[in-house]
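Right, one structure below, let's go through it.
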Amino acid sequence: MLLIPCPWCGERVEAEFRYGGEAHLKRPDNHLLCSDETWAEYLFMRRNPKGWHRERWMHLAGCKRWFYVVRHTQTHRIAAAYKVGEAWPALPA
Amino acid sequence: MTAECAPLDNVIRPGAPDGPSGVALTDLRFVGQVDLRVRGDGIAAAGRALGYALPVEANTTGGDGATLACWLGPDEWLIVTEDGGQAELIQRLSEALAGHAHAATDVTDARAVLRLAGACARPVLAKGCPLDLHPRSFGVGRVAQSLVARAQAMILPIEGGGYDLVVARSFAGYLWAWLLDAGAEYGIRIES
Ligand SMILES: [Zn+2]
């Protein structure tokens, strides 16, 4: 089980959280007028890297805040957690 | 075939009534509870209405003996008061916060409060709670929302080494039965 560092509560077990997928996706400015391809790209296409990944988590059983985690998808190492609106920490080398 | 444990054995006949009792379970029944959402300048204004500052450090409490404010999030607190005090508390908060975006909601009837006390309260709770419950990191003055036997709960350490567990009322019967089962090996008794 992962130990996830909630930016407010500190390290808690993974069971307290819900995963929210890849972070920092930008919704098309006008989804009514954008092309189907642009909309589908936003809705369905993800980077799915083998490596460092910026992703969303929500502390469901705790403070109920959404925040961001930098996690390595192969090793599960977590390098950073940061709040919505904070500067993005750099990805580890 | 005689079953080892009938479905309601642990509810009706908890623990080891003949042996020493290391843990006690109490249904506190009615505890006044107000959920307060407020941010920015409103946090100080709410503190002036309460007579003490709302705790802004995560997972801590503040209070004056009459009410206790438990940090739930950076803009959310649960304020606990005696039963019947919640209406006056909401009115006091609403007047103080008139100029601030806020919500003060009576959640008294939404949650049950189960008190787990006694020398063995910690090992009982630890069976189903992933928090570090050691007093050096989780003693009186702290509070946490976490899981107890997979149910979401607010856990409040109390004087003497026990905990008040605040859960949605629909989970109360389940958690009650789970605690009786978890406490059976320590000799759990029900107090009123
Ligand atoms: Zn949290």
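Every chain in the structure tokens takes a letter, A first, then B, and so on in the order presented; its residues are numbered from 1, and the ligands are numbered from 1 following the presented order.
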
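The neighbours of Tyr19 of chain A here are the residues that come within 9 Å of it, using only C-alpha atoms and leaving out any residue fewer than 2 positions away in the same chain; they are Phe17, Gly21, Glu55, Arg56, Trp57 and Met58 of chain A.
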
Any chance you can output those residues with N, CA and C atoms as a short mmCIF file (atom, residue, chain, number, x, y, z; two decimals), in the first residue's frame?
data_model
loop_
_atom_site.label_atom_id
_atom_site.label_comp_id
_atom_site.auth_asym_id
_atom_site.auth_seq_id
_atom_site.Cartn_x
_atom_site.Cartn_y
_atom_site.Cartn_z
N PHE A 17 -7.55 7.50 0.30
CA PHE A 17 -7.55 8.40 -0.86
C PHE A 17 -8.32 7.83 -2.04
N GLY A 21 -6.47 10.42 -11.60
CA GLY A 21 -5.90 10.38 -12.93
C GLY A 21 -4.87 11.46 -13.17
N GLU A 55 -0.13 13.50 -10.98
CA GLU A 55 -1.47 12.95 -10.93
C GLU A 55 -2.27 13.56 -9.79
N ARG A 56 -3.58 13.41 -9.89
CA ARG A 56 -4.48 13.98 -8.89
C ARG A 56 -4.88 12.90 -7.87
N TRP A 57 -4.94 13.32 -6.62
CA TRP A 57 -5.47 12.45 -5.57
C TRP A 57 -6.40 13.29 -4.70
N MET A 58 -7.35 12.60 -4.08
CA MET A 58 -8.25 13.29 -3.17
C MET A 58 -8.27 12.54 -1.84
#

Cut-off 10 Å, only C-alpha atoms and all ligand atoms, neighbours of ligand 1 as JSON, numbers by chain: {"A": [4, 5, 6, 7, 8, 9, 10, 11, 12, 16, 17, 58, 59, 60, 61, 62, 63, 64, 65, 66, 67], "B": [58, 59, 72, 73, 74, 144, 145, 146]}

Now that the selection is made, can you save its residues with N, CA and C atoms as a PDB file, in the first residue's frame?
ATOM      1  N   ILE A   4       0.764   8.079   1.150  1.00  0.00           N
ATOM      2  CA  ILE A   4       0.620   9.278   0.330  1.00  0.00           C
ATOM      3  C   ILE A   4       0.693  10.511   1.226  1.00  0.00           C
ATOM      4  N   PRO A   5       1.594  11.454   0.907  1.00  0.00           N
ATOM      5  CA  PRO A   5       1.743  12.645   1.762  1.00  0.00           C
ATOM      6  C   PRO A   5       0.716  13.716   1.409  1.00  0.00           C
ATOM      7  N   CYS A   6      -0.409  13.712   2.102  1.00  0.00           N
ATOM      8  CA  CYS A   6      -1.400  14.777   1.902  1.00  0.00           C
ATOM      9  C   CYS A   6      -0.743  16.103   2.297  1.00  0.00           C
ATOM     10  N   PRO A   7      -0.863  17.143   1.472  1.00  0.00           N
ATOM     11  CA  PRO A   7      -0.215  18.425   1.801  1.00  0.00           C
ATOM     12  C   PRO A   7      -0.718  19.025   3.115  1.00  0.00           C
ATOM     13  N   TRP A   8      -1.888  18.602   3.581  1.00  0.00           N
ATOM     14  CA  TRP A   8      -2.405  19.121   4.847  1.00  0.00           C
ATOM     15  C   TRP A   8      -2.168  18.137   5.993  1.00  0.00           C
ATOM     16  N   CYS A   9      -2.488  16.876   5.781  1.00  0.00           N
ATOM     17  CA  CYS A   9      -2.531  15.897   6.878  1.00  0.00           C
ATOM     18  C   CYS A   9      -1.239  15.118   7.055  1.00  0.00           C
ATOM     19  N   GLY A  10      -0.334  15.185   6.094  1.00  0.00           N
ATOM     20  CA  GLY A  10       0.866  14.364   6.178  1.00  0.00           C
ATOM     21  C   GLY A  10       0.626  12.969   5.619  1.00  0.00           C
ATOM     22  N   GLU A  11       1.558  12.070   5.895  1.00  0.00           N
ATOM     23  CA  GLU A  11       1.494  10.730   5.300  1.00  0.00           C
ATOM     24  C   GLU A  11       0.300   9.945   5.837  1.00  0.00           C
ATOM     25  N   ARG A  12      -0.489   9.437   4.926  1.00  0.00           N
ATOM     26  CA  ARG A  12      -1.618   8.570   5.274  1.00  0.00           C
ATOM     27  C   ARG A  12      -1.632   7.397   4.296  1.00  0.00           C
ATOM     28  N   GLU A  16      -7.171   5.728   2.309  1.00  0.00           N
ATOM     29  CA  GLU A  16      -7.921   6.946   2.639  1.00  0.00           C
ATOM     30  C   GLU A  16      -8.150   7.835   1.419  1.00  0.00           C
ATOM     31  N   PHE A  17      -7.548   7.496   0.300  1.00  0.00           N
ATOM     32  CA  PHE A  17      -7.546   8.404  -0.860  1.00  0.00           C
ATOM     33  C   PHE A  17      -8.321   7.828  -2.041  1.00  0.00           C
ATOM     34  N   MET A  58      -7.354  12.597  -4.075  1.00  0.00           N
ATOM     35  CA  MET A  58      -8.254  13.293  -3.165  1.00  0.00           C
ATOM     36  C   MET A  58      -8.267  12.544  -1.838  1.00  0.00           C
ATOM     37  N   HIS A  59      -8.108  13.303  -0.746  1.00  0.00           N
ATOM     38  CA  HIS A  59      -8.043  12.682   0.581  1.00  0.00           C
ATOM     39  C   HIS A  59      -9.467  12.438   1.094  1.00  0.00           C
ATOM     40  N   LEU A  60     -10.096  11.423   0.529  1.00  0.00           N
ATOM     41  CA  LEU A  60     -11.532  11.206   0.733  1.00  0.00           C
ATOM     42  C   LEU A  60     -11.906  10.946   2.194  1.00  0.00           C
ATOM     43  N   ALA A  61     -11.152  10.090   2.874  1.00  0.00           N
ATOM     44  CA  ALA A  61     -11.500   9.759   4.262  1.00  0.00           C
ATOM     45  C   ALA A  61     -10.894  10.760   5.239  1.00  0.00           C
ATOM     46  N   GLY A  62     -10.114  11.718   4.733  1.00  0.00           N
ATOM     47  CA  GLY A  62      -9.473  12.702   5.600  1.00  0.00           C
ATOM     48  C   GLY A  62     -10.028  14.087   5.355  1.00  0.00           C
ATOM     49  N   CYS A  63      -9.155  14.993   4.892  1.00  0.00           N
ATOM     50  CA  CYS A  63      -9.546  16.402   4.784  1.00  0.00           C
ATOM     51  C   CYS A  63     -10.344  16.698   3.514  1.00  0.00           C
ATOM     52  N   LYS A  64     -10.489  15.699   2.636  1.00  0.00           N
ATOM     53  CA  LYS A  64     -11.355  15.817   1.456  1.00  0.00           C
ATOM     54  C   LYS A  64     -10.871  16.852   0.460  1.00  0.00           C
ATOM     55  N   ARG A  65      -9.577  17.102   0.436  1.00  0.00           N
ATOM     56  CA  ARG A  65      -9.021  18.055  -0.547  1.00  0.00           C
ATOM     57  C   ARG A  65      -8.441  17.291  -1.715  1.00  0.00           C
ATOM     58  N   TRP A  66      -8.594  17.885  -2.918  1.00  0.00           N
ATOM     59  CA  TRP A  66      -7.866  17.431  -4.096  1.00  0.00           C
ATOM     60  C   TRP A  66      -6.478  18.047  -4.059  1.00  0.00           C
ATOM     61  N   PHE A  67      -5.474  17.292  -4.478  1.00  0.00           N
ATOM     62  CA  PHE A  67      -4.117  17.825  -4.568  1.00  0.00           C
ATOM     63  C   PHE A  67      -3.363  17.003  -5.608  1.00  0.00           C
TER      64      PHE A  67
ATOM     65  N   ALA B  58      -3.418  21.765  10.817  1.00  0.00           N
ATOM     66  CA  ALA B  58      -4.181  20.596  10.399  1.00  0.00           C
ATOM     67  C   ALA B  58      -4.310  19.584  11.534  1.00  0.00           C
ATOM     68  N   ASN B  59      -5.513  19.029  11.659  1.00  0.00           N
ATOM     69  CA  ASN B  59      -5.746  17.914  12.580  1.00  0.00           C
ATOM     70  C   ASN B  59      -5.463  18.261  14.038  1.00  0.00           C
ATOM     71  N   LEU B  72     -11.206  20.043  10.296  1.00  0.00           N
ATOM     72  CA  LEU B  72     -11.550  19.000   9.327  1.00  0.00           C
ATOM     73  C   LEU B  72     -10.872  19.240   7.995  1.00  0.00           C
ATOM     74  N   GLY B  73     -10.553  20.501   7.712  1.00  0.00           N
ATOM     75  CA  GLY B  73      -9.924  20.880   6.457  1.00  0.00           C
ATOM     76  C   GLY B  73      -9.539  22.336   6.576  1.00  0.00           C
ATOM     77  N   PRO B  74      -8.812  22.877   5.582  1.00  0.00           N
ATOM     78  CA  PRO B  74      -8.360  24.268   5.700  1.00  0.00           C
ATOM     79  C   PRO B  74      -9.509  25.287   5.753  1.00  0.00           C
ATOM     80  N   ALA B 144      -8.348  13.541  13.960  1.00  0.00           N
ATOM     81  CA  ALA B 144      -8.073  13.097  12.594  1.00  0.00           C
ATOM     82  C   ALA B 144      -9.329  12.485  12.006  1.00  0.00           C
ATOM     83  N   GLN B 145      -9.455  12.654  10.713  1.00  0.00           N
ATOM     84  CA  GLN B 145     -10.449  11.900   9.969  1.00  0.00           C
ATOM     85  C   GLN B 145      -9.705  10.778   9.268  1.00  0.00           C
ATOM     86  N   SER B 146     -10.219   9.589   9.401  1.00  0.00           N
ATOM     87  CA  SER B 146      -9.545   8.443   8.810  1.00  0.00           C
ATOM     88  C   SER B 146     -10.578   7.338   8.628  1.00  0.00           C
TER      89      SER B 146
END

Which residues of segment 40-146 of chain B come within 7 Å of segment 169-188 of chain B, and for each one, what is the closest pair of atoms and their distance in Å to one decimal, counting only C-alpha atoms, sorted by chain and residue number, as CSV?
residue,atom,partner,partner_atom,distance
B:Ala110,CA,B:Arg169,CA,5.8
B:Arg111,CA,B:Arg169,CA,4.7
B:Ala112,CA,B:Arg169,CA,5.0
B:Cys120,CA,B:Tyr186,CA,6.8
B:Val124,CA,B:Gly183,CA,5.6

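Minimum atom-to-atom distance to chain A, evaluated using only C-alpha atoms, belongs to B:Asp75 out of B:Glu88, B:Asp75, B:Glu82, B:Asp106.
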
Find the residues near segment 36-46 of chain B: any atom within 8 Å, counting only C-alpha atoms, skip ones fewer than 2 places away on the same chain, and give them as a ChimeraX atom specification. /B:34,48-50,53-54,74-79,93,96-97,100-105

Selection above as a file: N, CA, C and O atoms, as a PDB file, in the first residue's frame:
ATOM      1  N   VAL B  34     -21.912  21.126  14.978  1.00  0.00           N
ATOM      2  CA  VAL B  34     -22.101  22.120  13.928  1.00  0.00           C
ATOM      3  C   VAL B  34     -20.921  22.046  12.974  1.00  0.00           C
ATOM      4  O   VAL B  34     -19.767  22.107  13.397  1.00  0.00           O
ATOM      5  N   ARG B  48     -13.677  35.053  17.080  1.00  0.00           N
ATOM      6  CA  ARG B  48     -14.180  36.064  18.034  1.00  0.00           C
ATOM      7  C   ARG B  48     -15.558  35.668  18.562  1.00  0.00           C
ATOM      8  O   ARG B  48     -15.878  35.880  19.739  1.00  0.00           O
ATOM      9  N   ALA B  49     -16.372  35.064  17.707  1.00  0.00           N
ATOM     10  CA  ALA B  49     -17.700  34.634  18.156  1.00  0.00           C
ATOM     11  C   ALA B  49     -17.607  33.466  19.135  1.00  0.00           C
ATOM     12  O   ALA B  49     -18.421  33.336  20.045  1.00  0.00           O
ATOM     13  N   LEU B  50     -16.600  32.623  18.936  1.00  0.00           N
ATOM     14  CA  LEU B  50     -16.464  31.452  19.807  1.00  0.00           C
ATOM     15  C   LEU B  50     -15.769  31.788  21.121  1.00  0.00           C
ATOM     16  O   LEU B  50     -15.942  31.090  22.116  1.00  0.00           O
ATOM     17  N   ALA B  53      -9.579  31.111  19.172  1.00  0.00           N
ATOM     18  CA  ALA B  53      -9.252  31.037  17.745  1.00  0.00           C
ATOM     19  C   ALA B  53      -9.551  29.645  17.197  1.00  0.00           C
ATOM     20  O   ALA B  53      -9.244  28.635  17.847  1.00  0.00           O
ATOM     21  N   LEU B  54     -10.150  29.588  16.013  1.00  0.00           N
ATOM     22  CA  LEU B  54     -10.300  28.304  15.338  1.00  0.00           C
ATOM     23  C   LEU B  54      -8.914  27.720  15.089  1.00  0.00           C
ATOM     24  O   LEU B  54      -8.007  28.447  14.660  1.00  0.00           O
ATOM     25  N   PRO B  74      -8.812  22.877   5.582  1.00  0.00           N
ATOM     26  CA  PRO B  74      -8.360  24.268   5.700  1.00  0.00           C
ATOM     27  C   PRO B  74      -9.509  25.287   5.753  1.00  0.00           C
ATOM     28  O   PRO B  74      -9.282  26.428   6.152  1.00  0.00           O
ATOM     29  N   ASP B  75     -10.714  24.875   5.377  1.00  0.00           N
ATOM     30  CA  ASP B  75     -11.857  25.791   5.508  1.00  0.00           C
ATOM     31  C   ASP B  75     -13.056  25.103   6.156  1.00  0.00           C
ATOM     32  O   ASP B  75     -14.197  25.477   5.922  1.00  0.00           O
ATOM     33  N   GLU B  76     -12.796  24.094   6.972  1.00  0.00           N
ATOM     34  CA  GLU B  76     -13.908  23.342   7.562  1.00  0.00           C
ATOM     35  C   GLU B  76     -13.566  22.883   8.977  1.00  0.00           C
ATOM     36  O   GLU B  76     -12.472  22.369   9.223  1.00  0.00           O
ATOM     37  N   TRP B  77     -14.523  23.079   9.876  1.00  0.00           N
ATOM     38  CA  TRP B  77     -14.364  22.643  11.268  1.00  0.00           C
ATOM     39  C   TRP B  77     -15.648  21.957  11.715  1.00  0.00           C
ATOM     40  O   TRP B  77     -16.743  22.298  11.253  1.00  0.00           O
ATOM     41  N   LEU B  78     -15.509  21.026  12.636  1.00  0.00           N
ATOM     42  CA  LEU B  78     -16.666  20.490  13.347  1.00  0.00           C
ATOM     43  C   LEU B  78     -16.613  21.067  14.750  1.00  0.00           C
ATOM     44  O   LEU B  78     -15.624  20.882  15.465  1.00  0.00           O
ATOM     45  N   ILE B  79     -17.668  21.778  15.124  1.00  0.00           N
ATOM     46  CA  ILE B  79     -17.717  22.379  16.456  1.00  0.00           C
ATOM     47  C   ILE B  79     -18.700  21.579  17.298  1.00  0.00           C
ATOM     48  O   ILE B  79     -19.870  21.429  16.944  1.00  0.00           O
ATOM     49  N   LEU B  93     -22.632  32.204  15.385  1.00  0.00           N
ATOM     50  CA  LEU B  93     -21.679  32.179  14.269  1.00  0.00           C
ATOM     51  C   LEU B  93     -22.234  32.944  13.072  1.00  0.00           C
ATOM     52  O   LEU B  93     -21.512  33.695  12.413  1.00  0.00           O
ATOM     53  N   ALA B  96     -21.906  36.675  13.557  1.00  0.00           N
ATOM     54  CA  ALA B  96     -20.512  37.127  13.461  1.00  0.00           C
ATOM     55  C   ALA B  96     -19.990  37.038  12.026  1.00  0.00           C
ATOM     56  O   ALA B  96     -19.084  37.775  11.647  1.00  0.00           O
ATOM     57  N   LEU B  97     -20.568  36.135  11.231  1.00  0.00           N
ATOM     58  CA  LEU B  97     -20.052  35.887   9.884  1.00  0.00           C
ATOM     59  C   LEU B  97     -20.958  36.484   8.809  1.00  0.00           C
ATOM     60  O   LEU B  97     -20.863  36.107   7.642  1.00  0.00           O
ATOM     61  N   HIS B 100     -19.313  37.512   5.677  1.00  0.00           N
ATOM     62  CA  HIS B 100     -18.358  36.559   5.101  1.00  0.00           C
ATOM     63  C   HIS B 100     -19.105  35.378   4.489  1.00  0.00           C
ATOM     64  O   HIS B 100     -20.109  34.937   5.033  1.00  0.00           O
ATOM     65  N   ALA B 101     -18.582  34.877   3.382  1.00  0.00           N
ATOM     66  CA  ALA B 101     -19.146  33.643   2.829  1.00  0.00           C
ATOM     67  C   ALA B 101     -18.908  32.519   3.828  1.00  0.00           C
ATOM     68  O   ALA B 101     -17.785  32.306   4.279  1.00  0.00           O
ATOM     69  N   HIS B 102     -19.964  31.840   4.214  1.00  0.00           N
ATOM     70  CA  HIS B 102     -19.798  30.787   5.208  1.00  0.00           C
ATOM     71  C   HIS B 102     -21.013  29.866   5.183  1.00  0.00           C
ATOM     72  O   HIS B 102     -22.038  30.180   4.568  1.00  0.00           O
ATOM     73  N   ALA B 103     -20.892  28.742   5.860  1.00  0.00           N
ATOM     74  CA  ALA B 103     -22.028  27.864   6.095  1.00  0.00           C
ATOM     75  C   ALA B 103     -21.847  27.253   7.474  1.00  0.00           C
ATOM     76  O   ALA B 103     -20.794  26.695   7.770  1.00  0.00           O
ATOM     77  N   ALA B 104     -22.856  27.409   8.309  1.00  0.00           N
ATOM     78  CA  ALA B 104     -22.851  26.782   9.638  1.00  0.00           C
ATOM     79  C   ALA B 104     -24.063  25.868   9.680  1.00  0.00           C
ATOM     80  O   ALA B 104     -25.200  26.338   9.652  1.00  0.00           O
ATOM     81  N   THR B 105     -23.802  24.567   9.701  1.00  0.00           N
ATOM     82  CA  THR B 105     -24.862  23.583   9.494  1.00  0.00           C
ATOM     83  C   THR B 105     -24.987  22.672  10.706  1.00  0.00           C
ATOM     84  O   THR B 105     -23.986  22.137  11.196  1.00  0.00           O
TER      85      THR B 105
END

Step one, run DSSP on the backbone; step two, keep only residues of chain A assigned to strand (DSSP E or B); then write them as a PyMOL selection string. chain A and resi 3-6+10-13+18-22+52-58+66-72+78-83

Deliver the residues from the most recent selection as a file, using N, CA and C atoms, as a CSV table (one decimal), in the first residue's frame.
chain,number,residue,atom,x,y,z
A,3,LEU,N,2.0,5.0,0.9
A,3,LEU,CA,1.9,6.1,1.9
A,3,LEU,C,1.9,7.4,1.1
A,4,ILE,N,0.8,8.1,1.1
A,4,ILE,CA,0.6,9.3,0.3
A,4,ILE,C,0.7,10.5,1.2
A,5,PRO,N,1.6,11.5,0.9
A,5,PRO,CA,1.7,12.6,1.8
A,5,PRO,C,0.7,13.7,1.4
A,6,CYS,N,-0.4,13.7,2.1
A,6,CYS,CA,-1.4,14.8,1.9
A,6,CYS,C,-0.7,16.1,2.3
A,10,GLY,N,-0.3,15.2,6.1
A,10,GLY,CA,0.9,14.4,6.2
A,10,GLY,C,0.6,13.0,5.6
A,11,GLU,N,1.6,12.1,5.9
A,11,GLU,CA,1.5,10.7,5.3
A,11,GLU,C,0.3,9.9,5.8
A,12,ARG,N,-0.5,9.4,4.9
A,12,ARG,CA,-1.6,8.6,5.3
A,12,ARG,C,-1.6,7.4,4.3
A,13,VAL,N,-2.3,6.3,4.7
A,13,VAL,CA,-2.4,5.1,3.9
A,13,VAL,C,-3.3,5.4,2.6
A,18,ARG,N,-8.7,8.7,-3.0
A,18,ARG,CA,-9.2,8.3,-4.3
A,18,ARG,C,-8.3,8.9,-5.3
A,19,TYR,N,-8.0,8.1,-6.4
A,19,TYR,CA,-7.2,8.5,-7.5
A,19,TYR,C,-8.0,9.3,-8.5
A,20,GLY,N,-7.3,10.4,-9.0
A,20,GLY,CA,-8.1,11.2,-9.9
A,20,GLY,C,-7.4,11.3,-11.3
A,21,GLY,N,-6.5,10.4,-11.6
A,21,GLY,CA,-5.9,10.4,-12.9
A,21,GLY,C,-4.9,11.5,-13.2
A,22,GLU,N,-4.5,11.5,-14.4
A,22,GLU,CA,-3.4,12.5,-14.8
A,22,GLU,C,-3.8,13.9,-14.5
A,52,TRP,N,8.0,9.1,-14.2
A,52,TRP,CA,7.4,10.1,-13.3
A,52,TRP,C,6.1,10.7,-13.9
A,53,HIS,N,5.1,10.8,-13.0
A,53,HIS,CA,3.7,11.1,-13.5
A,53,HIS,C,3.1,12.1,-12.5
A,54,ARG,N,2.6,13.2,-13.0
A,54,ARG,CA,1.9,14.2,-12.2
A,54,ARG,C,0.4,13.7,-12.2
A,55,GLU,N,-0.1,13.5,-11.0
A,55,GLU,CA,-1.5,12.9,-10.9
A,55,GLU,C,-2.3,13.6,-9.8
A,56,ARG,N,-3.6,13.4,-9.9
A,56,ARG,CA,-4.5,14.0,-8.9
A,56,ARG,C,-4.9,12.9,-7.9
A,57,TRP,N,-4.9,13.3,-6.6
A,57,TRP,CA,-5.5,12.5,-5.6
A,57,TRP,C,-6.4,13.3,-4.7
A,58,MET,N,-7.4,12.6,-4.1
A,58,MET,CA,-8.3,13.3,-3.2
A,58,MET,C,-8.3,12.5,-1.8
A,66,TRP,N,-8.6,17.9,-2.9
A,66,TRP,CA,-7.9,17.4,-4.1
A,66,TRP,C,-6.5,18.0,-4.1
A,67,PHE,N,-5.5,17.3,-4.5
A,67,PHE,CA,-4.1,17.8,-4.6
A,67,PHE,C,-3.4,17.0,-5.6
A,68,TYR,N,-2.1,17.3,-5.8
A,68,TYR,CA,-1.3,16.7,-6.8
A,68,TYR,C,-0.1,15.9,-6.2
A,69,VAL,N,0.2,14.8,-6.9
A,69,VAL,CA,1.3,14.0,-6.4
A,69,VAL,C,2.2,13.7,-7.6
A,70,VAL,N,3.5,13.7,-7.4
A,70,VAL,CA,4.5,13.2,-8.4
A,70,VAL,C,4.9,11.8,-8.0
A,71,ARG,N,4.4,10.9,-8.8
A,71,ARG,CA,4.6,9.4,-8.5
A,71,ARG,C,5.3,8.7,-9.7
A,72,HIS,N,6.2,7.8,-9.4
A,72,HIS,CA,6.8,7.0,-10.4
A,72,HIS,C,6.0,5.8,-10.7
A,78,ILE,N,7.1,8.2,-4.5
A,78,ILE,CA,6.4,9.5,-4.5
A,78,ILE,C,7.4,10.5,-4.2
A,79,ALA,N,7.6,11.5,-5.2
A,79,ALA,CA,8.7,12.5,-5.0
A,79,ALA,C,8.2,13.7,-4.4
A,80,ALA,N,6.9,14.0,-4.6
A,80,ALA,CA,6.4,15.3,-4.1
A,80,ALA,C,4.9,15.3,-4.1
A,81,ALA,N,4.3,16.1,-3.2
A,81,ALA,CA,2.9,16.4,-3.2
A,81,ALA,C,2.7,17.9,-3.1
A,82,TYR,N,1.7,18.4,-3.8
A,82,TYR,CA,1.6,19.9,-3.8
A,82,TYR,C,0.1,20.3,-4.0
A,83,LYS,N,-0.2,21.4,-3.5
A,83,LYS,CA,-1.6,21.9,-3.4
A,83,LYS,C,-2.0,22.5,-4.8

Would you list the contacts of Phe44 of chain A as an MDAnalysis selection string, taking every protein, DNA or RNA residue within 12 Å and counting only C-alpha atoms, but skipping same-chain residues closer than 5 positions in sequence? chainID A and resid 21:22 25 27 36:39

Using the selection just defined, write its residues with C-alpha atoms as a PDB file, in the first residue's frame.
ATOM      1  CA  GLY A  21      -5.905  10.385 -12.935  1.00  0.00           C
ATOM      2  CA  GLU A  22      -3.406  12.486 -14.814  1.00  0.00           C
ATOM      3  CA  LEU A  25      -5.197  18.448 -18.258  1.00  0.00           C
ATOM      4  CA  ARG A  27     -10.151  21.537 -20.966  1.00  0.00           C
ATOM      5  CA  ASP A  36     -14.471  15.996 -32.104  1.00  0.00           C
ATOM      6  CA  GLU A  37     -10.784  15.146 -32.332  1.00  0.00           C
ATOM      7  CA  THR A  38      -9.846  17.896 -29.857  1.00  0.00           C
ATOM      8  CA  TRP A  39     -12.613  16.865 -27.471  1.00  0.00           C
TER       9      TRP A  39
END

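Checking B:Gly162, B:Pro123, B:Gly118, B:Pro157 one by one against Val143 of chain B, counting only C-alpha atoms, you find the shortest gap at B:Pro157.
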
DSSP helix (DSSP H, G or I) residues within segment 11-138 of chain B, as a PyMOL selection string: chain B and resi 11-12+41-50+86-96+108-110+121-126

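Proximity of B:Leu147, B:Ile190, B:Ile155, B:Ala24 to Pro130 of chain B, computed with only C-alpha atoms, is greatest for B:Leu147.
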
Have a look at atom CA of Ala117 of chain B and atom CA of Gly160 of chain B and let me know their distance in Å, one decimal. 7.6 Å

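Computed from the coordinates, the atom CA of Leu125 of chain B to atom CA of Ser192 of chain B distance equals 19.7 Å.
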
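Taking atom CA of Thr73 of chain A and atom CA of Leu131 of chain B as endpoints, the distance between them is 25.4 Å.
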
Out of B:Gly128, B:Gly22, B:Gly51, B:Gly65, which residue has the shortest atom-to-atom distance to chain A when counting only C-alpha atoms? B:Gly128

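Proximity to chain A was assessed for B:Ala119, B:Val113, B:Val80, B:Val56 counting only C-alpha atoms; the smallest distance is recorded for B:Val56.
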